[in-house]
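With PDB, C-alpha atoms inside, this is work_28.pdb:
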MODEL        1
ATOM      1  CA  LYS A1239      11.953  16.249  -4.304
ATOM      2  CA  SER A1240      11.317  14.377  -1.091
ATOM      3  CA  VAL A1241       8.436  11.982  -0.410
ATOM      4  CA  SER A1242       6.953  11.797   3.093
ATOM      5  CA  ALA A1243       4.205   9.385   4.143
ATOM      6  CA  GLN A1244       2.607   7.754   7.147
ATOM      7  CA  SER A1245       1.625   4.081   7.484
ATOM      8  CA  VAL A1246       0.203   2.521   4.314
ATOM      9  CA  LYS A1247      -1.941  -0.643   4.334
ATOM     10  CA  LEU A1248      -3.515  -1.652   1.030
ATOM     11  CA  ALA A1249      -6.300  -4.086   0.230
ATOM     12  CA  THR A1250      -5.191  -7.579  -0.758
ATOM     13  CA  GLU A1251      -6.065  -7.614  -4.448
ATOM     14  CA  PRO A1252      -3.817  -9.182  -7.103
ATOM     15  CA  THR A1253      -2.928  -5.726  -8.474
ATOM     16  CA  THR A1254      -2.043  -4.203  -5.096
ATOM     17  CA  PHE A1255       1.411  -2.615  -4.890
ATOM     18  CA  ILE A1256       3.230   0.328  -3.305
ATOM     19  CA  THR A1257       5.668   2.423  -5.339
ATOM     20  CA  MET A1258       7.415   5.586  -4.126
ATOM     21  CA  THR A1259      10.058   7.517  -6.033
ATOM     22  CA  GLY A1260      11.661  10.777  -4.911
ATOM     23  CA  GLY A1261      14.844  12.619  -4.079
ATOM     24  CA  SER A1262      14.544  11.325  -0.511
ATOM     25  CA  ILE A1263      11.882   9.137   1.113
ATOM     26  CA  LYS A1264      10.660   8.998   4.708
ATOM     27  CA  VAL A1265       7.794   6.798   5.900
ATOM     28  CA  ASP A1266       6.700   7.439   9.506
ATOM     29  CA  GLY A1267       5.097   4.048  10.117
ATOM     30  CA  THR A1268       4.613   0.777   8.244
ATOM     31  CA  LEU A1269       4.197  -0.364   4.648
ATOM     32  CA  ASN A1270       2.005  -3.449   4.270
ATOM     33  CA  THR A1271       0.677  -5.240   1.186
ATOM     34  CA  SER A1272       0.245  -8.639   2.874
ATOM     35  CA  GLY A1273      -2.828 -10.740   2.244
ATOM     36  CA  GLY A1274      -4.141 -13.371  -0.138
ATOM     37  CA  LEU A1275      -1.573 -12.319  -2.710
ATOM     38  CA  GLY A1276       1.153 -10.114  -1.313
ATOM     39  CA  GLY A1277       1.781  -7.013  -3.407
ATOM     40  CA  ASP A1278       5.158  -5.672  -4.529
ATOM     41  CA  ILE A1279       6.747  -2.783  -2.608
ATOM     42  CA  GLU A1280       9.292  -0.567  -4.355
ATOM     43  CA  LEU A1281      10.928   2.529  -2.850
ATOM     44  CA  ILE A1282      13.503   4.498  -4.857
ATOM     45  CA  SER A1283      15.385   7.463  -3.390
ATOM     46  CA  GLU A1284      17.161   9.183  -6.259
ATOM     47  CA  THR A1285      19.385  11.696  -4.422
ATOM     48  CA  GLY A1286      18.843  11.396  -0.651
ATOM     49  CA  ASN A1287      18.131   8.960   2.147
ATOM     50  CA  LEU A1288      15.430   6.292   2.468
ATOM     51  CA  ILE A1289      13.994   5.988   5.977
ATOM     52  CA  VAL A1290      11.124   3.810   7.252
ATOM     53  CA  THR A1291      10.320   4.006  10.970
ATOM     54  CA  GLY A1292       8.127   0.864  11.020
ATOM     55  CA  ALA A1293       7.895  -2.565   9.414
ATOM     56  CA  ILE A1294       7.693  -3.468   5.716
ATOM     57  CA  ALA A1295       5.619  -6.537   4.778
ATOM     58  CA  SER A1296       4.422  -8.162   1.547
ATOM     59  CA  SER A1297       3.663 -11.703   2.771
ATOM     60  CA  GLY A1298       1.106 -13.962   1.114
ATOM     61  CA  GLY A1299      -1.981 -15.272   2.867
ATOM     62  CA  ALA A1300      -3.500 -18.758   2.611
ATOM     63  CA  GLY A1301      -2.585 -20.093  -0.839
ATOM     64  CA  GLY A1302      -1.020 -16.796  -1.904
ATOM     65  CA  ALA A1303       2.492 -15.917  -2.988
ATOM     66  CA  ALA A1304       4.329 -13.028  -1.371
ATOM     67  CA  GLY A1305       5.212  -9.855  -3.211
ATOM     68  CA  ASN A1306       8.756  -8.676  -3.841
ATOM     69  CA  ILE A1307      10.341  -5.852  -1.816
ATOM     70  CA  ARG A1308      12.923  -3.532  -3.389
ATOM     71  CA  LEU A1309      14.590  -0.551  -1.693
ATOM     72  CA  ASN A1310      17.083   1.505  -3.704
ATOM     73  CA  SER A1311      18.793   4.654  -2.422
ATOM     74  CA  GLU A1312      21.552   7.029  -3.456
ATOM     75  CA  GLY A1313      21.821   7.835   0.262
ATOM     76  CA  LEU A1314      21.525   5.584   3.282
ATOM     77  CA  ILE A1315      18.736   3.058   3.925
ATOM     78  CA  ASP A1316      17.399   2.899   7.508
ATOM     79  CA  VAL A1317      14.475   0.587   8.365
ATOM     80  CA  ALA A1318      13.644   0.466  12.073
ATOM     81  CA  SER A1319      11.689  -2.795  12.165
ATOM     82  CA  THR A1320      11.190  -6.057  10.259
ATOM     83  CA  ILE A1321      11.180  -6.627   6.500
ATOM     84  CA  THR A1322       9.032  -9.656   5.637
ATOM     85  CA  ALA A1323       8.018 -11.397   2.406
ATOM     86  CA  ASN A1324       6.920 -14.867   3.545
ATOM     87  CA  GLY A1325       4.971 -17.178   1.269
ATOM     88  CA  GLY A1326       1.504 -18.453   2.114
ATOM     89  CA  SER A1327       0.381 -22.080   1.965
ATOM     90  CA  ASN A1328       1.579 -23.839  -1.212
ATOM     91  CA  ALA A1329       3.063 -20.598  -2.557
ATOM     92  CA  ASN A1330       6.428 -18.926  -2.958
ATOM     93  CA  ALA A1331       8.005 -16.282  -0.755
ATOM     94  CA  GLY A1332       9.030 -12.984  -2.307
ATOM     95  CA  ASP A1333      12.517 -11.656  -3.026
ATOM     96  CA  ILE A1334      13.956  -8.836  -0.882
ATOM     97  CA  THR A1335      16.522  -6.474  -2.437
ATOM     98  CA  LEU A1336      18.234  -3.540  -0.697
ATOM     99  CA  ASP A1337      20.767  -1.393  -2.573
ATOM    100  CA  SER A1338      22.438   1.739  -1.165
ATOM    101  CA  GLN A1339      25.252   3.991  -2.353
ATOM    102  CA  LYS A1340      25.999   4.663   1.336
ATOM    103  CA  SER A1341      25.073   2.463   4.317
ATOM    104  CA  ILE A1342      22.207   0.099   5.213
ATOM    105  CA  LYS A1343      20.770  -0.417   8.692
ATOM    106  CA  VAL A1344      17.798  -2.685   9.483
ATOM    107  CA  GLY A1345      16.758  -2.853  13.133
ATOM    108  CA  ALA A1346      14.974  -6.224  13.103
ATOM    109  CA  ALA A1347      14.867  -9.499  11.149
ATOM    110  CA  ILE A1348      14.672  -9.732   7.353
ATOM    111  CA  THR A1349      12.676 -12.824   6.388
ATOM    112  CA  ALA A1350      11.627 -14.473   3.117
ATOM    113  CA  ASP A1351      10.591 -17.911   4.391
ATOM    114  CA  ALA A1352       8.394 -20.402   2.625
ATOM    115  CA  GLY A1353       6.993 -20.688   6.149
ATOM    116  CA  ALA A1354       5.556 -23.499   8.256
ATOM    117  CA  GLY A1355       2.677 -25.063   6.368
ATOM    118  CA  ALA A1356       3.757 -23.791   2.942
ATOM    119  CA  SER A1357       5.175 -25.904   0.124
ATOM    120  CA  GLY A1358       6.627 -23.172  -2.075
ATOM    121  CA  ASP A1359      10.199 -21.955  -2.411
ATOM    122  CA  ALA A1360      11.741 -19.394  -0.084
ATOM    123  CA  GLY A1361      12.730 -16.011  -1.490
ATOM    124  CA  HIS A1362      16.177 -14.573  -2.143
ATOM    125  CA  ILE A1363      17.651 -11.790  -0.006
ATOM    126  CA  SER A1364      20.222  -9.457  -1.576
ATOM    127  CA  ILE A1365      21.764  -6.504   0.304
ATOM    128  CA  THR A1366      24.392  -4.260  -1.288
ATOM    129  CA  ALA A1367      25.975  -1.087   0.118
ATOM    130  CA  VAL A1368      29.086   0.946  -0.597
ATOM    131  CA  ASP A1369      29.661   1.493   3.133
ATOM    132  CA  ASP A1370      28.480  -0.487   6.181
ATOM    133  CA  ILE A1371      25.686  -3.094   6.349
ATOM    134  CA  LYS A1372      24.121  -3.698   9.752
ATOM    135  CA  THR A1373      21.102  -5.985  10.157
ATOM    136  CA  ALA A1374      19.461  -8.280  12.668
ATOM    137  CA  GLY A1375      18.704 -11.908  11.697
ATOM    138  CA  LEU A1376      18.368 -12.976   8.054
ATOM    139  CA  ASN A1377      16.068 -15.898   7.177
ATOM    140  CA  SER A1378      15.213 -17.602   3.891
ATOM    141  CA  ARG A1379      14.105 -21.104   4.891
ATOM    142  CA  SER A1380      12.267 -23.799   2.986
ATOM    143  CA  SER A1381       9.091 -25.289   4.433
ATOM    144  CA  PHE A1382       8.725 -28.101   6.949
ATOM    145  CA  PHE A1383       5.885 -29.476   4.819
ATOM    146  CA  SER A1384       7.672 -29.231   1.466
ATOM    147  CA  ALA A1385       7.912 -32.451  -0.510
ATOM    148  CA  PRO A1386      11.412 -34.001  -0.595
ATOM    149  CA  GLY A1387      13.588 -32.649  -3.402
ATOM    150  CA  GLN A1388      10.908 -30.289  -4.715
ATOM    151  CA  HIS A1389      11.329 -27.034  -2.806
ATOM    152  CA  ALA A1390      14.310 -25.055  -1.616
ATOM    153  CA  ALA A1391      15.493 -22.352   0.708
ATOM    154  CA  GLY A1392      16.540 -19.095  -0.902
ATOM    155  CA  SER A1393      19.974 -17.523  -1.075
ATOM    156  CA  ILE A1394      21.263 -14.678   1.090
ATOM    157  CA  THR A1395      23.905 -12.339  -0.364
ATOM    158  CA  LEU A1396      25.498  -9.350   1.389
ATOM    159  CA  VAL A1397      28.103  -7.115  -0.275
ATOM    160  CA  GLY A1398      29.258  -4.028   1.600
ATOM    161  CA  GLY A1399      32.264  -1.971   2.578
ATOM    162  CA  THR A1400      31.938  -3.598   6.000
ATOM    163  CA  ILE A1401      29.316  -5.948   7.480
ATOM    164  CA  SER A1402      28.850  -5.297  11.198
ATOM    165  CA  GLY A1403      26.508  -6.652  13.819
ATOM    166  CA  THR A1404      24.593  -8.993  11.529
ATOM    167  CA  GLY A1405      22.470 -11.530  13.441
ATOM    168  CA  ALA A1406      21.965 -15.219  12.666
ATOM    169  CA  ILE A1407      21.796 -16.145   8.963
ATOM    170  CA  THR A1408      19.558 -19.097   8.123
ATOM    171  CA  THR A1409      18.834 -20.718   4.754
ATOM    172  CA  ASN A1410      18.172 -24.253   5.973
ATOM    173  CA  ALA A1411      15.306 -26.697   5.555
ATOM    174  CA  TYR A1412      12.765 -25.169   7.898
ATOM    175  CA  HIS A1413      12.920 -26.449  11.464
ATOM    176  CA  GLY A1414       9.188 -26.035  12.017
ATOM    177  CA  LEU A1415       6.987 -26.938  14.952
ATOM    178  CA  HIS A1416       4.728 -29.901  14.220
ATOM    179  CA  ASN A1417       2.857 -32.691  16.027
ATOM    180  CA  GLY A1418       2.102 -30.915  19.270
ATOM    181  CA  GLY A1419       5.016 -28.528  19.156
ATOM    182  CA  THR A1420       7.820 -31.006  18.436
ATOM    183  CA  LEU A1421      10.740 -29.475  16.574
ATOM    184  CA  HIS A1422      11.291 -31.113  13.172
ATOM    185  CA  ARG A1423      13.548 -30.625  10.187
ATOM    186  CA  GLY A1424      11.835 -30.240   6.834
ATOM    187  CA  HIS A1425      12.577 -31.816   3.456
ATOM    188  CA  GLY A1426      13.891 -28.983   1.268
ATOM    189  CA  ASP A1427      17.345 -28.021   0.009
ATOM    190  CA  GLY A1428      19.411 -25.464   1.908
ATOM    191  CA  GLY A1429      20.269 -22.187   0.214
ATOM    192  CA  ALA A1430      23.614 -20.485  -0.404
ATOM    193  CA  VAL A1431      25.033 -17.724   1.819
ATOM    194  CA  ASN A1432      27.523 -15.238   0.347
ATOM    195  CA  LEU A1433      29.111 -12.467   2.448
ATOM    196  CA  THR A1434      31.628 -10.021   0.962
ATOM    197  CA  SER A1435      33.250  -6.909   2.451
ATOM    198  CA  THR A1436      35.297  -4.597   0.244
ATOM    199  CA  GLN A1437      36.786  -2.263   2.884
ATOM    200  CA  GLY A1438      36.878  -3.888   6.327
ATOM    201  CA  ASP A1439      35.587  -6.513   8.728
ATOM    202  CA  ILE A1440      32.653  -8.933   8.613
ATOM    203  CA  THR A1441      31.000  -9.646  11.976
ATOM    204  CA  VAL A1442      28.160 -12.152  12.428
ATOM    205  CA  ASN A1443      26.544 -12.211  15.879
ATOM    206  CA  GLY A1444      24.796 -15.549  15.504
ATOM    207  CA  ALA A1445      24.886 -18.889  13.714
ATOM    208  CA  ILE A1446      25.068 -19.428   9.953
ATOM    209  CA  ASP A1447      23.069 -22.507   8.887
ATOM    210  CA  THR A1448      22.475 -23.735   5.320
ATOM    211  CA  SER A1449      21.670 -27.365   6.172
ATOM    212  CA  GLY A1450      19.541 -29.556   3.936
ATOM    213  CA  GLY A1451      16.440 -31.451   5.032
ATOM    214  CA  LEU A1452      15.444 -35.053   5.525
ATOM    215  CA  PRO A1453      15.117 -37.514   2.626
ATOM    216  CA  GLY A1454      11.800 -38.912   1.481
ATOM    217  CA  ALA A1455      10.508 -42.407   2.171
ATOM    218  CA  GLU A1456      13.237 -45.066   2.056
ATOM    219  CA  GLY A1457      15.848 -42.479   1.212
ATOM    220  CA  GLN A1458      14.116 -41.206  -1.930
ATOM    221  CA  ASN A1459      15.015 -37.690  -3.090
ATOM    222  CA  THR A1460      18.209 -36.056  -1.938
ATOM    223  CA  ASN A1461      18.224 -32.741  -0.130
ATOM    224  CA  ASN A1462      21.489 -30.835  -0.342
ATOM    225  CA  ALA A1463      22.906 -28.173   1.959
ATOM    226  CA  GLY A1464      23.806 -24.749   0.592
ATOM    227  CA  ASP A1465      27.359 -23.438   0.193
ATOM    228  CA  ILE A1466      28.746 -20.730   2.494
ATOM    229  CA  THR A1467      31.233 -18.254   0.986
ATOM    230  CA  ILE A1468      32.808 -15.461   3.042
ATOM    231  CA  ASN A1469      35.271 -12.987   1.498
ATOM    232  CA  SER A1470      36.487 -10.233   3.836
ATOM    233  CA  ALA A1471      38.793  -7.297   3.132
ATOM    234  CA  GLY A1472      39.436  -7.189   6.891
ATOM    235  CA  ASN A1473      38.834  -9.703   9.642
ATOM    236  CA  PHE A1474      35.995 -12.207   9.933
ATOM    237  CA  LYS A1475      34.383 -12.660  13.352
ATOM    238  CA  THR A1476      31.496 -14.879  14.425
ATOM    239  CA  THR A1477      30.007 -15.649  17.836
ATOM    240  CA  ALA A1478      28.365 -18.984  16.975
ATOM    241  CA  THR A1479      28.497 -22.070  14.740
ATOM    242  CA  ILE A1480      28.725 -22.300  10.958
ATOM    243  CA  THR A1481      26.822 -25.325   9.619
ATOM    244  CA  ALA A1482      26.264 -26.711   6.123
ATOM    245  CA  ASP A1483      25.388 -30.358   6.742
ATOM    246  CA  ALA A1484      23.096 -32.587   4.729
ATOM    247  CA  GLY A1485      20.952 -33.300   7.771
ATOM    248  CA  LEU A1486      20.197 -36.319   9.928
ATOM    249  CA  PHE A1487      19.515 -39.442   7.766
ATOM    250  CA  ALA A1488      19.792 -37.276   4.659
ATOM    251  CA  THR A1489      21.192 -38.667   1.415
ATOM    252  CA  GLY A1490      22.148 -35.323  -0.134
ATOM    253  CA  ASP A1491      25.474 -33.492  -0.161
ATOM    254  CA  ALA A1492      26.817 -31.225   2.535
ATOM    255  CA  GLY A1493      27.641 -27.674   1.500
ATOM    256  CA  HIS A1494      31.103 -26.194   0.952
ATOM    257  CA  ILE A1495      32.364 -23.608   3.453
ATOM    258  CA  SER A1496      34.937 -21.108   2.151
ATOM    259  CA  ILE A1497      36.387 -18.246   4.240
ATOM    260  CA  CYS A1498      38.930 -15.966   2.564
ATOM    261  CA  LEU A1499      40.558 -12.833   4.003
ATOM    262  CA  LEU A1500      41.196 -10.492   1.096
ATOM    263  CA  TYR A1501      43.836  -8.326   2.744
ATOM    264  CA  THR A1502      45.273  -5.440   0.747
ATOM    265  CA  SER A1503      48.497  -3.659   1.666
ATOM    266  CA  PRO A1504      48.687  -2.377   4.306
ATOM    267  CA  SER A1505      46.118  -4.785   5.738
ATOM    268  CA  PRO A1506      44.207  -4.158   8.992
ATOM    269  CA  ARG A1507      46.464  -6.818  10.533
ATOM    270  CA  ASP A1508      49.630  -5.022   9.326
ATOM    271  CA  ARG A1509      48.477  -1.644  10.651
ATOM    272  CA  THR A1510      48.260  -3.016  14.215
ATOM    273  CA  ARG A1511      51.948  -3.944  14.328
TER     274      ARG A1511
ENDMDL
END

Would you put the structure from the file into structure tokens?
Amino acid sequence: KSVSAQSVKLATEPTTFITMTGGSIKVDGTLNTSGGLGGDIELISETGNLIVTGAIASSGGAGGAAGNIRLNSEGLIDVASTITANGGSNANAGDITLDSQKSIKVGAAITADAGAGASGDAGHISITAVDDIKTAGLNSRSSFFSAPGQHAAGSITLVGGTISGTGAITTNAYHGLHNGGTLHRGHGDGGAVNLTSTQGDITVNGAIDTSGGLPGAEGQNTNNAGDITINSAGNFKTTATITADAGLFATGDAGHISICLLYTSPSPRDRTR
């Protein structure tokens, strides 16, 4: 049967979590388990669609790790606002997983940052759909304050029939604001980005950046960039830069960038002739 709910905000206890399972799920509002320790959020739609009209958040507070967010649907997944699982100070971000047997649409940014002021690892973002994936920006950045060589950005993986309208994708060492608002690069490793379409085009309306951070004192500790792998069954289009450098003054390795068009016969290119 279907599950219908309005906004849910739970107290920030270590055991706090939200779980919904039903034939279809609709939440008219937000789901929020953020606080000292962010709680896990799991929504499973067994036969129908999964719709959330507001934001989903499981971020950690001061000193607290974020919870994990998992959305699984036999139908489409449609989230109107942000999905956030940022880590608190000195704690890890949560992982965000979306899996649909149809299409996935997220109207605002998906973020699993370690966050400015945190020293934990960023979370991993995984989005899989049989049909189209359409999202705004995707962020899984390591912290500005992370110690060199100790903490890392997370990975971002998208696998769909097509990937359309995706915003900027960032898994770099966090470019945080520090010292009176000056923009600085952090010290962590960059994370990997993997984009795969099985039926058609991949379109990214923004930059892709997996750059590593700065080295420690006197070049101690290397900070590597993440690899970028793009496999498209159709065309690949981007409106901005693709960057996987080791960073200014960094002693780590740059990332590998691989773009492969997996045309079948007849390919989209052949059908236009």

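We find CA of Ile1466 in chain A and CA of Gly1332 in chain A to be spaced 21.7 Å apart.
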
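When only C-alpha atoms are used to compute distances to Cys1498 in chain A, the closest of the residues A:Asp1278, A:Asp1266, A:Asp1439, A:Asp1483 turns out to be A:Asp1439.
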
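Between Ala1492 in chain A and the candidates A:Ala1430, A:Ile1315, A:Ile1263, A:Ile1407, the tightest atom-to-atom separation, counting all atoms listed in the file, involves A:Ala1430.
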
One residue among A:Ser1338, A:Asn1410, A:Thr1395, A:Thr1404 is nearest to Leu1433 in chain A when using all atoms listed in the file, and that residue is A:Thr1395

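With all atoms listed in the file taken into account, the protein and nucleic acid residues at most 8 Å from Ile1480 in chain A (excluding it and anything under 2 positions from it in its own chain) are Ala1445, Ile1446, Asp1447, Ala1478 and Ala1482 of chain A.
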
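Applying the 9 Å criterion to (-3.7, -22.7, 2.5) in file coordinates and using all atoms listed in the file, one obtains the residues Gly1299, Ala1300, Gly1301, Gly1302, Gly1326, Ser1327, Asn1328, Ala1329, Gly1355 and Ala1356 of chain A.
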
The distance between CA of Ala1346 in chain A and CA of Leu1500 in chain A is 29.2 Å

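Using only C-alpha atoms, the shortest contact distance between Ile1371 in chain A and any of A:Glu1284, A:Asp1333, A:Asp1316, A:Asp1491 is found at A:Asp1316.
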
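With only C-alpha atoms as the atoms that count, the minimum distance from Thr1320 in chain A to the choices A:Gly1361, A:Gly1375, A:Gly1451, A:Gly1405 is reached by A:Gly1375.
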
Using the chain letters and numbers from the file, give me the residues hit by the PyMOL selection byres ((chain A and resi 1277) around 12), as a ChimeraX atom specification. /A:1247-1257,1269-1276,1278-1280,1294-1299,1302-1308,1322-1325,1331-1333

Could you turn the residues from that selection into a file that holds C-alpha atoms, as a PDB file, in the coordinates of the input?
ATOM      1  CA  LYS A1247      -1.941  -0.643   4.334  1.00  0.00           C
ATOM      2  CA  LEU A1248      -3.515  -1.652   1.030  1.00  0.00           C
ATOM      3  CA  ALA A1249      -6.300  -4.086   0.230  1.00  0.00           C
ATOM      4  CA  THR A1250      -5.191  -7.579  -0.758  1.00  0.00           C
ATOM      5  CA  GLU A1251      -6.065  -7.614  -4.448  1.00  0.00           C
ATOM      6  CA  PRO A1252      -3.817  -9.182  -7.103  1.00  0.00           C
ATOM      7  CA  THR A1253      -2.928  -5.726  -8.474  1.00  0.00           C
ATOM      8  CA  THR A1254      -2.043  -4.203  -5.096  1.00  0.00           C
ATOM      9  CA  PHE A1255       1.411  -2.615  -4.890  1.00  0.00           C
ATOM     10  CA  ILE A1256       3.230   0.328  -3.305  1.00  0.00           C
ATOM     11  CA  THR A1257       5.668   2.423  -5.339  1.00  0.00           C
ATOM     12  CA  LEU A1269       4.197  -0.364   4.648  1.00  0.00           C
ATOM     13  CA  ASN A1270       2.005  -3.449   4.270  1.00  0.00           C
ATOM     14  CA  THR A1271       0.677  -5.240   1.186  1.00  0.00           C
ATOM     15  CA  SER A1272       0.245  -8.639   2.874  1.00  0.00           C
ATOM     16  CA  GLY A1273      -2.828 -10.740   2.244  1.00  0.00           C
ATOM     17  CA  GLY A1274      -4.141 -13.371  -0.138  1.00  0.00           C
ATOM     18  CA  LEU A1275      -1.573 -12.319  -2.710  1.00  0.00           C
ATOM     19  CA  GLY A1276       1.153 -10.114  -1.313  1.00  0.00           C
ATOM     20  CA  ASP A1278       5.158  -5.672  -4.529  1.00  0.00           C
ATOM     21  CA  ILE A1279       6.747  -2.783  -2.608  1.00  0.00           C
ATOM     22  CA  GLU A1280       9.292  -0.567  -4.355  1.00  0.00           C
ATOM     23  CA  ILE A1294       7.693  -3.468   5.716  1.00  0.00           C
ATOM     24  CA  ALA A1295       5.619  -6.537   4.778  1.00  0.00           C
ATOM     25  CA  SER A1296       4.422  -8.162   1.547  1.00  0.00           C
ATOM     26  CA  SER A1297       3.663 -11.703   2.771  1.00  0.00           C
ATOM     27  CA  GLY A1298       1.106 -13.962   1.114  1.00  0.00           C
ATOM     28  CA  GLY A1299      -1.981 -15.272   2.867  1.00  0.00           C
ATOM     29  CA  GLY A1302      -1.020 -16.796  -1.904  1.00  0.00           C
ATOM     30  CA  ALA A1303       2.492 -15.917  -2.988  1.00  0.00           C
ATOM     31  CA  ALA A1304       4.329 -13.028  -1.371  1.00  0.00           C
ATOM     32  CA  GLY A1305       5.212  -9.855  -3.211  1.00  0.00           C
ATOM     33  CA  ASN A1306       8.756  -8.676  -3.841  1.00  0.00           C
ATOM     34  CA  ILE A1307      10.341  -5.852  -1.816  1.00  0.00           C
ATOM     35  CA  ARG A1308      12.923  -3.532  -3.389  1.00  0.00           C
ATOM     36  CA  THR A1322       9.032  -9.656   5.637  1.00  0.00           C
ATOM     37  CA  ALA A1323       8.018 -11.397   2.406  1.00  0.00           C
ATOM     38  CA  ASN A1324       6.920 -14.867   3.545  1.00  0.00           C
ATOM     39  CA  GLY A1325       4.971 -17.178   1.269  1.00  0.00           C
ATOM     40  CA  ALA A1331       8.005 -16.282  -0.755  1.00  0.00           C
ATOM     41  CA  GLY A1332       9.030 -12.984  -2.307  1.00  0.00           C
ATOM     42  CA  ASP A1333      12.517 -11.656  -3.026  1.00  0.00           C
TER      43      ASP A1333
END

Among A:Ser1496, A:Thr1441, A:Thr1477, A:Thr1285, Gly1403 in chain A is approached most closely, using only C-alpha atoms, by A:Thr1441

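If you look at CA of Leu1336 in chain A and CA of Ile1282 in chain A, they are 10.2 Å away from each other.
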
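All residues of protein, DNA or RNA that reach within 12 Å of Ile1497 in chain A, judged by all atoms listed in the file and not counting those fewer than 5 positions away in the chain, are Val1431, Asn1432, Leu1433, Thr1434, Ser1435, Ile1440, Asp1465, Ile1466, Thr1467, Ile1468, Asn1469, Ser1470, Ala1471, Gly1472, Asn1473, Phe1474, Lys1475, Thr1476 and Ile1480 of chain A.
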
Take the residues just selected and output them with C-alpha atoms as a short mmCIF file (atom, residue, chain, number, x, y, z; two decimals), in the frame of the given file.
data_model
loop_
_atom_site.label_atom_id
_atom_site.label_comp_id
_atom_site.auth_asym_id
_atom_site.auth_seq_id
_atom_site.Cartn_x
_atom_site.Cartn_y
_atom_site.Cartn_z
CA VAL A 1431 25.03 -17.72 1.82
CA ASN A 1432 27.52 -15.24 0.35
CA LEU A 1433 29.11 -12.47 2.45
CA THR A 1434 31.63 -10.02 0.96
CA SER A 1435 33.25 -6.91 2.45
CA ILE A 1440 32.65 -8.93 8.61
CA ASP A 1465 27.36 -23.44 0.19
CA ILE A 1466 28.75 -20.73 2.49
CA THR A 1467 31.23 -18.25 0.99
CA ILE A 1468 32.81 -15.46 3.04
CA ASN A 1469 35.27 -12.99 1.50
CA SER A 1470 36.49 -10.23 3.84
CA ALA A 1471 38.79 -7.30 3.13
CA GLY A 1472 39.44 -7.19 6.89
CA ASN A 1473 38.83 -9.70 9.64
CA PHE A 1474 35.99 -12.21 9.93
CA LYS A 1475 34.38 -12.66 13.35
CA THR A 1476 31.50 -14.88 14.42
CA ILE A 1480 28.72 -22.30 10.96
#
